[in-house]
2 protein chains.
Amino acid sequence: MNYMLGLRCIKCGKEYQAAPGVYTCPRCGPVAGILDVVYDYQKIKNNHSRQLLAASEDYSMFRYSAFLPLNPKTPRPHLRIGWTPLYRPPGLAGALGFQNLYIKDEGQNPTASLKDRASAIAVIRAVEEGATTIACSSTGNAASSLAGNAAAMGLTAYIFVPGRAPQGKVAQLLIFGANVISVQGSYDDAFRLSAQAIERWGWYNRNAATNPYLVEGKKTVAMEIAEQLNWEVPDWIAVSVGDGCTIAGVWKGFRDLYRVGWIDKLPKLLGVQSSGCSPLVDSFLENRPWRPAEENTIADSIAVGVPRNPEKALQAVKESGGTMVAVSDEDILDAMRLLGRTSGIFGEPAGVTGLAGLRYLAGNGVIGSGETIVAIVTGNGLKDVQNAIAAAGEPIRIEPSLEQLVKELKWRGLD
Amino acid sequence: MNYMLGLRCIKCGKEYQAAPGVYTCPRCGPVAGILDVVYDYQKIKNNHSRQLLAASEDYSMFRYSAFLPLNPKTPRPHLRIGWTPLYRPPGLAGALGFQNLYIKDEGQNPTASLKDRASAIAVIRAVEEGATTIACSSTGNAASSLAGNAAAMGLTAYIFVPGRAPQGKVAQLLIFGANVISVQGSYDDAFRLSAQAIERWGWYNRNAATNPYLVEGKKTVAMEIAEQLNWEVPDWIAVSVGDGCTIAGVWKGFRDLYRVGWIDKLPKLLGVQSSGCSPLVDSFLENRPWRPAEENTIADSIAVGVPRNPEKALQAVKESGGTMVAVSDEDILDAMRLLGRTSGIFGEPAGVTGLAGLRYLAGNGVIGSGETIVAIVTGNGLKDVQNAIAAAGEPIRIEPSLEQLVKELKWRGLD
């Protein structure tokens, strides 16, 4: 059994029974009518507690399975997903002027991004619904995580990526045995083609905004943050925003914990986009409906000009009393360098965009220097080596001679 | 306090007090005179137990700190190193015909390789010895792990890499803020130049074979395997071999546990090299001293023509009653594909070489199909995307049109 009661449209509030193929609200349509999973929180509260959880030896996202829309008996991928480390790097805190700054390193997931949490849910639900093939479109991380999780579960995967997806991510897909369709166009083109194909062939749909279950996996990152901080909820969570599903998931995680009384406050959310593609930030700051935007940023994972989950994301930030900012690609590369040099953590561009936003706000009074902040680093920098090189420069190339080394280091002031 | 008694030369047996700068046996010289850390095993036995360990909440390599040559009070890097997952992927076991096959995924370490275990020891010992700068030469993974751990500890790092080191690894170094010297020559050239520079500037030396403490970090992978298998020691451990330090570390880990009575048998070691660079396999199989070899393999992390720790490695395999094999680069690419498709695990070429060796031996009677085997995947495939693409091919590139997709999938037999 699980504690899921059903699905509720975030626009009109109508409730639906969970069933194969029920993904969006028919009344409100596939874009506005995003469904949200509803649980019997009273029952969760009766049967579970922080104390019981503390005794669990499951150090993965599935330690929170009371809050997941899964049959506990369905097989799960064998990969260790979640329970990623929460670090408190002193050098980074000093550099930004925040005393209580934590990094949640989601690059430590099996396929090296937070998306593993959503893809795990997808492959388990696919098996529950009797599917053998699963598909999605993605800027890269959802794809590689789906491919890895599908391989672990023995499912066939069809993955639609935009032509610009970085090589590292595409290589992952191919190694995991997925059928990879590189769509020569934008993310939106890839998304639309995947939707058509999913309908034509009847594959299980892992598209994040459309499939209402995926955000339930993502929310476990928030639950881990709360537990790792001993249930002291941070004042702020900083995270990058593309489609809007991740920040919506973070919010749902904290809200679920609040509903069952395991935490007594909610954090403010800082949602960050690249200024090269900031439809949701612009909407938020100008207090107007969002409009499609160009996809003009190195942060490929959040280069989403037509976000698929805009309402949940905007609602989450507003409800939390938080804010949104856009940062330049140069700010993002700076944040990669800063995080690496001070902390030994290598984030991809979109992965460090939340941190870049924090840095952008540092000292302007929005966030107090003593407030507790968690920046979620959503993916590992090894996925996108070209941008890392753009951020960090080139090595010192020399012949194997000590004399030459002495000269070279002296010249650079490094000896 | 710790339980270290001193250092003993593996060649002549002479013992030395541990002190800054004491790295190799002066009588036997820096190549033959490798020193081994000696502990007071009786005291460890008196003060520690498997039961006490089971209560530890430290899920990192430092849960085995009783067996480490570190002052417990020295600060440690904040990164989560070790306690990597041990998987039992059913599809992989079926494909190889081994019923009890496990994968220890060392690519899940912070900088994505097993080398983090050694580098953590290096940066802690450096701080204990009052150093502020640390250096090494490396084919890549030791380097990136040293750079990451040095950044986390606030140390300056000088890293010498051979010109052929893959971009992903070099990018990691640069992001971590290390001073990277790309030596236009072989690994041996890089090693020699680093040794000269370390002597000239007095930097702390993290070269793996020379520094006797590093293998102590590596041994924790064996301790984890034993504990994760509930102290049932596997029949075989398969692992790739380059310099020889890793397999020596694995052996030391099991021997330490055996010495304190926590395990009651020792595994056989399967040491695997690429046939493009197999000085130790050739020495083992032909029962003769090793000779320098060409470095002609895609598995860059084990492309070591002049291994720095040959004796410890060969001794370990012989003592264990195990064996060694060489596999072709094609076998290695096959193993990458197989591991990815069946398990959702992405290993770099050297990372899967142990598995490739297992596959090579499958069915020939050396290893029984019912024996328990752990293959250590030593590093993540994201570090070397070019070879992953060589292994896995290219995606299907199409325009955003369902019609074209239908045609393309039909043509490929994928619809």
# chains A, B, ... in the order shown; residues from 1 in each chain; ligands from 1
$ select_by_dssp --residues "region 169-252 of chain A" --states "alpha helix (DSSP H)" --output "PyMOL selection string"
chain A and resi 169-175+187-201+214-218+220-228+245-252
$ residues_around --residues "region 52-68 of chain B" --least-positions-apart "4" --cutoff "7 Å" --atoms "only C-alpha atoms" --output "PyMOL selection string"
chain B and resi 2-3+44+48+80-83+216+220
$ residues_around --residues "Leu92 (chain A)" --least-positions-apart "2" --cutoff "9 Å" --atoms "only C-alpha atoms" --output "number ranges by chain"
A: 88-90, 94-98, 101, 338-339, 341-343
$ write_last_selection --atoms "N, CA and C atoms" --output "PDB file, in the first residue's frame"
ATOM      1  N   ARG A  88      29.308  21.733   4.247  1.00  0.00           N
ATOM      2  CA  ARG A  88      29.365  23.107   4.738  1.00  0.00           C
ATOM      3  C   ARG A  88      30.783  23.625   4.531  1.00  0.00           C
ATOM      4  N   PRO A  89      31.136  23.994   3.306  1.00  0.00           N
ATOM      5  CA  PRO A  89      32.531  24.337   3.007  1.00  0.00           C
ATOM      6  C   PRO A  89      32.875  25.713   3.571  1.00  0.00           C
ATOM      7  N   PRO A  90      33.831  25.775   4.485  1.00  0.00           N
ATOM      8  CA  PRO A  90      34.126  27.049   5.139  1.00  0.00           C
ATOM      9  C   PRO A  90      34.655  28.113   4.172  1.00  0.00           C
ATOM     10  N   GLY A  94      33.005  31.919   3.514  1.00  0.00           N
ATOM     11  CA  GLY A  94      33.791  33.128   3.678  1.00  0.00           C
ATOM     12  C   GLY A  94      33.780  33.996   2.424  1.00  0.00           C
ATOM     13  N   ALA A  95      33.935  33.355   1.278  1.00  0.00           N
ATOM     14  CA  ALA A  95      34.017  34.101   0.022  1.00  0.00           C
ATOM     15  C   ALA A  95      32.710  34.840  -0.284  1.00  0.00           C
ATOM     16  N   LEU A  96      31.588  34.274   0.152  1.00  0.00           N
ATOM     17  CA  LEU A  96      30.297  34.888  -0.165  1.00  0.00           C
ATOM     18  C   LEU A  96      29.771  35.780   0.961  1.00  0.00           C
ATOM     19  N   GLY A  97      30.370  35.677   2.125  1.00  0.00           N
ATOM     20  CA  GLY A  97      29.897  36.481   3.241  1.00  0.00           C
ATOM     21  C   GLY A  97      28.625  35.943   3.890  1.00  0.00           C
ATOM     22  N   PHE A  98      28.341  34.659   3.653  1.00  0.00           N
ATOM     23  CA  PHE A  98      27.231  34.028   4.382  1.00  0.00           C
ATOM     24  C   PHE A  98      27.843  33.055   5.394  1.00  0.00           C
ATOM     25  N   LEU A 101      26.309  28.585   5.209  1.00  0.00           N
ATOM     26  CA  LEU A 101      26.014  28.197   3.832  1.00  0.00           C
ATOM     27  C   LEU A 101      26.333  26.717   3.623  1.00  0.00           C
ATOM     28  N   LEU A 338      34.534  29.337  -8.328  1.00  0.00           N
ATOM     29  CA  LEU A 338      34.522  29.590  -6.886  1.00  0.00           C
ATOM     30  C   LEU A 338      34.221  28.307  -6.106  1.00  0.00           C
ATOM     31  N   LEU A 339      33.206  27.586  -6.556  1.00  0.00           N
ATOM     32  CA  LEU A 339      32.822  26.355  -5.863  1.00  0.00           C
ATOM     33  C   LEU A 339      33.960  25.337  -5.918  1.00  0.00           C
ATOM     34  N   ARG A 341      37.279  25.819  -6.426  1.00  0.00           N
ATOM     35  CA  ARG A 341      38.491  26.238  -5.714  1.00  0.00           C
ATOM     36  C   ARG A 341      38.330  26.228  -4.209  1.00  0.00           C
ATOM     37  N   THR A 342      37.146  26.574  -3.740  1.00  0.00           N
ATOM     38  CA  THR A 342      36.981  26.688  -2.290  1.00  0.00           C
ATOM     39  C   THR A 342      36.499  25.384  -1.664  1.00  0.00           C
ATOM     40  N   SER A 343      35.927  24.490  -2.476  1.00  0.00           N
ATOM     41  CA  SER A 343      35.199  23.376  -1.864  1.00  0.00           C
ATOM     42  C   SER A 343      35.521  22.009  -2.443  1.00  0.00           C
TER      43      SER A 343
END
$ residues_around --residues "region 306-312 of chain A" --least-positions-apart "4" --cutoff "7 Å" --atoms "only C-alpha atoms" --output "PyMOL selection string"
chain A and resi 31+188+209+242-245+248+280+292-293+316
$ write_last_selection --atoms "C-alpha atoms" --output "compact mmCIF listing (two decimals), in the first residue's frame"
# COMPACT_ATOMS: atom_id res chain seq x y z
CA VAL A 31 -0.09 22.84 -20.18
CA ASP A 188 10.72 22.69 -27.46
CA ALA A 209 5.99 18.41 -16.31
CA GLY A 242 14.47 25.55 -16.09
CA ASP A 243 11.19 23.73 -16.71
CA GLY A 244 10.19 24.61 -13.15
CA CYS A 245 9.77 21.04 -11.92
CA ALA A 248 8.29 22.84 -7.45
CA LEU A 280 10.12 32.70 -15.26
CA PRO A 292 8.44 32.20 -24.28
CA ALA A 293 12.10 33.21 -24.36
CA ALA A 316 6.15 27.80 -5.10
$ closest_residue --among "B:Ala165, B:Ala150, B:Met336, B:Ala197" --to "Asp300 (chain B)" --atoms "only C-alpha atoms"
B:Ala165
$ residues_around --residues "Val127 (chain A)" --least-positions-apart "4" --cutoff "12 Å" --atoms "only C-alpha atoms" --output "ChimeraX atom specification"
/A:20,70-71,73-77,120-123,131-134,149-150,153-156,203-204
$ atom_distance --atom1 "CA of Leu333 (chain B)" --atom2 "CA of Ser113 (chain A)"
24.2 Å
$ atom_distance --atom1 "CA of Gly253 (chain B)" --atom2 "CA of Val221 (chain B)"
7.4 Å
$ closest_residue --among "B:Ile263, B:Val352, B:Val37, B:Ala190" --to "chain A" --atoms "only C-alpha atoms"
B:Ala190
$ select_by_dssp --residues "region 51-236 of chain A" --states "strand (DSSP E)" --output "list in words"
Leu86, Tyr87, Asn100, Leu101, Tyr102, Ile103, Lys104, Asp105, Thr133, Ile134, Ala135, Cys136, Ser137, Thr156, Ala157, Tyr158, Ile159, Phe160, Val161, Pro162, Asn179, Val180, Ile181, Ser182, Val183, Tyr204, Asn205 and Trp236 of chain A
$ residues_around --residues "Val325 (chain B)" --least-positions-apart "2" --cutoff "7 Å" --atoms "only C-alpha atoms" --output "list in words"
Gly271, Val272, Gln273, Val281, Thr323, Val327 and Gly357 of chain B
$ write_last_selection --atoms "N, CA and C atoms" --output "mmCIF file, in the first residue's frame"
data_model
loop_
_atom_site.group_PDB
_atom_site.id
_atom_site.type_symbol
_atom_site.label_atom_id
_atom_site.label_comp_id
_atom_site.auth_asym_id
_atom_site.auth_seq_id
_atom_site.Cartn_x
_atom_site.Cartn_y
_atom_site.Cartn_z
ATOM 1 N N GLY B 271 44.045 -9.531 -11.177
ATOM 2 C CA GLY B 271 44.610 -8.254 -11.624
ATOM 3 C C GLY B 271 44.580 -8.186 -13.139
ATOM 4 N N VAL B 272 44.025 -7.093 -13.671
ATOM 5 C CA VAL B 272 43.820 -7.022 -15.124
ATOM 6 C C VAL B 272 44.489 -5.781 -15.694
ATOM 7 N N GLN B 273 45.229 -5.963 -16.775
ATOM 8 C CA GLN B 273 45.790 -4.831 -17.517
ATOM 9 C C GLN B 273 45.309 -4.894 -18.955
ATOM 10 N N VAL B 281 51.239 -8.054 -15.897
ATOM 11 C CA VAL B 281 50.610 -9.313 -16.315
ATOM 12 C C VAL B 281 51.648 -10.212 -16.990
ATOM 13 N N THR B 323 45.175 -14.585 -9.954
ATOM 14 C CA THR B 323 45.855 -14.605 -11.245
ATOM 15 C C THR B 323 45.759 -13.236 -11.909
ATOM 16 N N VAL B 327 43.642 -7.857 -21.323
ATOM 17 C CA VAL B 327 42.511 -7.828 -22.256
ATOM 18 C C VAL B 327 42.759 -6.730 -23.287
ATOM 19 N N GLY B 357 38.333 -8.338 -17.621
ATOM 20 C CA GLY B 357 39.127 -9.526 -17.328
ATOM 21 C C GLY B 357 38.265 -10.689 -16.870
#
$ atom_distance --atom1 "CA of Asp36 (chain B)" --atom2 "CA of Arg125 (chain B)"
15.5 Å
$ residues_around --residues "Val385 (chain A)" --least-positions-apart "2" --cutoff "8 Å" --atoms "only C-alpha atoms" --output "list in words"
Gly168, Gly381, Leu382, Lys383, Asn387, Ala388 and Ile389 of chain A; Gln167, Gly168 and Ala171 of chain B
$ decode --residues "region 238-284 of chain B" --atoms "N, CA and C atoms" --output "CSV table (one decimal), in the first residue's frame"
chain,number,residue,atom,x,y,z
B,238,ALA,N,38.1,-8.6,-8.6
B,238,ALA,CA,38.7,-8.3,-9.9
B,238,ALA,C,38.9,-6.8,-10.0
B,239,VAL,N,40.1,-6.4,-10.4
B,239,VAL,CA,40.5,-4.9,-10.4
B,239,VAL,C,41.5,-4.7,-11.4
B,240,SER,N,41.5,-3.5,-12.0
B,240,SER,CA,42.5,-3.1,-13.0
B,240,SER,C,43.8,-2.8,-12.3
B,241,VAL,N,44.9,-2.9,-13.1
B,241,VAL,CA,46.2,-2.7,-12.5
B,241,VAL,C,47.0,-1.7,-13.4
B,242,GLY,N,47.5,-0.6,-12.8
B,242,GLY,CA,48.4,0.3,-13.5
B,242,GLY,C,49.7,0.3,-12.8
B,243,ASP,N,49.9,1.3,-11.9
B,243,ASP,CA,51.1,1.4,-11.1
B,243,ASP,C,51.2,0.3,-10.1
B,244,GLY,N,50.1,-0.3,-9.8
B,244,GLY,CA,50.1,-1.5,-8.8
B,244,GLY,C,49.6,-1.1,-7.4
B,245,CYS,N,49.4,0.2,-7.2
B,245,CYS,CA,49.1,0.6,-5.8
B,245,CYS,C,47.7,0.2,-5.4
B,246,THR,N,46.7,0.2,-6.3
B,246,THR,CA,45.4,-0.1,-6.0
B,246,THR,C,45.2,-1.6,-5.6
B,247,ILE,N,45.7,-2.4,-6.4
B,247,ILE,CA,45.6,-3.9,-6.0
B,247,ILE,C,46.3,-4.2,-4.8
B,248,ALA,N,47.4,-3.5,-4.6
B,248,ALA,CA,48.2,-3.7,-3.3
B,248,ALA,C,47.4,-3.2,-2.1
B,249,GLY,N,46.7,-2.1,-2.3
B,249,GLY,CA,45.8,-1.6,-1.3
B,249,GLY,C,44.6,-2.5,-1.0
B,250,VAL,N,44.0,-3.0,-2.0
B,250,VAL,CA,42.9,-4.0,-1.8
B,250,VAL,C,43.4,-5.1,-0.9
B,251,TRP,N,44.6,-5.6,-1.3
B,251,TRP,CA,45.1,-6.8,-0.5
B,251,TRP,C,45.4,-6.4,0.9
B,252,LYS,N,46.0,-5.3,1.1
B,252,LYS,CA,46.3,-4.8,2.5
B,252,LYS,C,45.0,-4.7,3.3
B,253,GLY,N,44.0,-4.2,2.7
B,253,GLY,CA,42.7,-4.0,3.4
B,253,GLY,C,42.2,-5.4,3.9
B,254,PHE,N,42.2,-6.4,3.1
B,254,PHE,CA,41.7,-7.7,3.5
B,254,PHE,C,42.6,-8.3,4.5
B,255,ARG,N,43.9,-8.1,4.3
B,255,ARG,CA,44.9,-8.7,5.3
B,255,ARG,C,44.8,-8.1,6.7
B,256,ASP,N,44.5,-6.8,6.7
B,256,ASP,CA,44.4,-6.1,8.0
B,256,ASP,C,43.1,-6.7,8.7
B,257,LEU,N,42.1,-6.8,8.0
B,257,LEU,CA,40.8,-7.4,8.6
B,257,LEU,C,41.1,-8.8,9.1
B,258,TYR,N,41.9,-9.5,8.4
B,258,TYR,CA,42.2,-10.9,8.7
B,258,TYR,C,43.1,-10.9,10.0
B,259,ARG,N,44.0,-10.0,10.0
B,259,ARG,CA,44.9,-9.9,11.2
B,259,ARG,C,44.2,-9.7,12.5
B,260,VAL,N,43.1,-8.9,12.4
B,260,VAL,CA,42.3,-8.6,13.7
B,260,VAL,C,41.2,-9.6,13.9
B,261,GLY,N,41.1,-10.6,13.0
B,261,GLY,CA,40.1,-11.6,13.2
B,261,GLY,C,38.7,-11.2,12.8
B,262,TRP,N,38.5,-10.1,12.0
B,262,TRP,CA,37.2,-9.8,11.6
B,262,TRP,C,36.7,-10.5,10.4
B,263,ILE,N,37.6,-11.1,9.6
B,263,ILE,CA,37.2,-12.0,8.5
B,263,ILE,C,38.0,-13.3,8.7
B,264,ASP,N,37.5,-14.4,8.2
B,264,ASP,CA,38.2,-15.7,8.4
B,264,ASP,C,38.8,-16.3,7.1
B,265,LYS,N,38.8,-15.5,6.0
B,265,LYS,CA,39.5,-16.0,4.8
B,265,LYS,C,39.9,-14.8,4.0
B,266,LEU,N,40.7,-15.0,3.0
B,266,LEU,CA,41.1,-13.9,2.1
B,266,LEU,C,40.7,-14.2,0.7
B,267,PRO,N,40.4,-13.2,-0.1
B,267,PRO,CA,39.9,-13.5,-1.4
B,267,PRO,C,41.1,-13.7,-2.4
B,268,LYS,N,40.8,-14.3,-3.5
B,268,LYS,CA,41.8,-14.3,-4.6
B,268,LYS,C,41.7,-13.0,-5.4
B,269,LEU,N,42.8,-12.5,-5.8
B,269,LEU,CA,42.8,-11.3,-6.6
B,269,LEU,C,43.0,-11.6,-8.1
B,270,LEU,N,42.1,-11.0,-8.9
B,270,LEU,CA,42.3,-11.0,-10.3
B,270,LEU,C,42.8,-9.6,-10.8
B,271,GLY,N,44.0,-9.5,-11.2
B,271,GLY,CA,44.6,-8.3,-11.6
B,271,GLY,C,44.6,-8.2,-13.1
B,272,VAL,N,44.0,-7.1,-13.7
B,272,VAL,CA,43.8,-7.0,-15.1
B,272,VAL,C,44.5,-5.8,-15.7
B,273,GLN,N,45.2,-6.0,-16.8
B,273,GLN,CA,45.8,-4.8,-17.5
B,273,GLN,C,45.3,-4.9,-19.0
B,274,SER,N,45.5,-3.8,-19.7
B,274,SER,CA,45.3,-3.8,-21.1
B,274,SER,C,46.4,-4.5,-21.8
B,275,SER,N,46.1,-5.2,-22.8
B,275,SER,CA,47.2,-5.9,-23.6
B,275,SER,C,48.1,-4.9,-24.3
B,276,GLY,N,47.7,-3.6,-24.4
B,276,GLY,CA,48.5,-2.6,-24.9
B,276,GLY,C,49.5,-2.0,-23.9
B,277,CYS,N,49.4,-2.4,-22.7
B,277,CYS,CA,50.4,-2.0,-21.7
B,277,CYS,C,50.3,-2.9,-20.5
B,278,SER,N,51.0,-4.1,-20.6
B,278,SER,CA,50.8,-5.1,-19.6
B,278,SER,C,52.1,-5.6,-18.9
B,279,PRO,N,52.9,-4.7,-18.5
B,279,PRO,CA,54.2,-5.2,-17.9
B,279,PRO,C,54.0,-6.2,-16.7
B,280,LEU,N,53.0,-5.9,-15.9
B,280,LEU,CA,52.9,-6.8,-14.7
B,280,LEU,C,52.2,-8.1,-15.0
B,281,VAL,N,51.2,-8.1,-15.9
B,281,VAL,CA,50.6,-9.3,-16.3
B,281,VAL,C,51.6,-10.2,-17.0
B,282,ASP,N,52.5,-9.6,-17.9
B,282,ASP,CA,53.5,-10.4,-18.6
B,282,ASP,C,54.5,-11.0,-17.6
B,283,SER,N,54.9,-10.2,-16.6
B,283,SER,CA,55.8,-10.7,-15.6
B,283,SER,C,55.2,-11.9,-14.8
B,284,PHE,N,53.9,-11.7,-14.5
B,284,PHE,CA,53.2,-12.7,-13.7
B,284,PHE,C,53.1,-14.0,-14.5
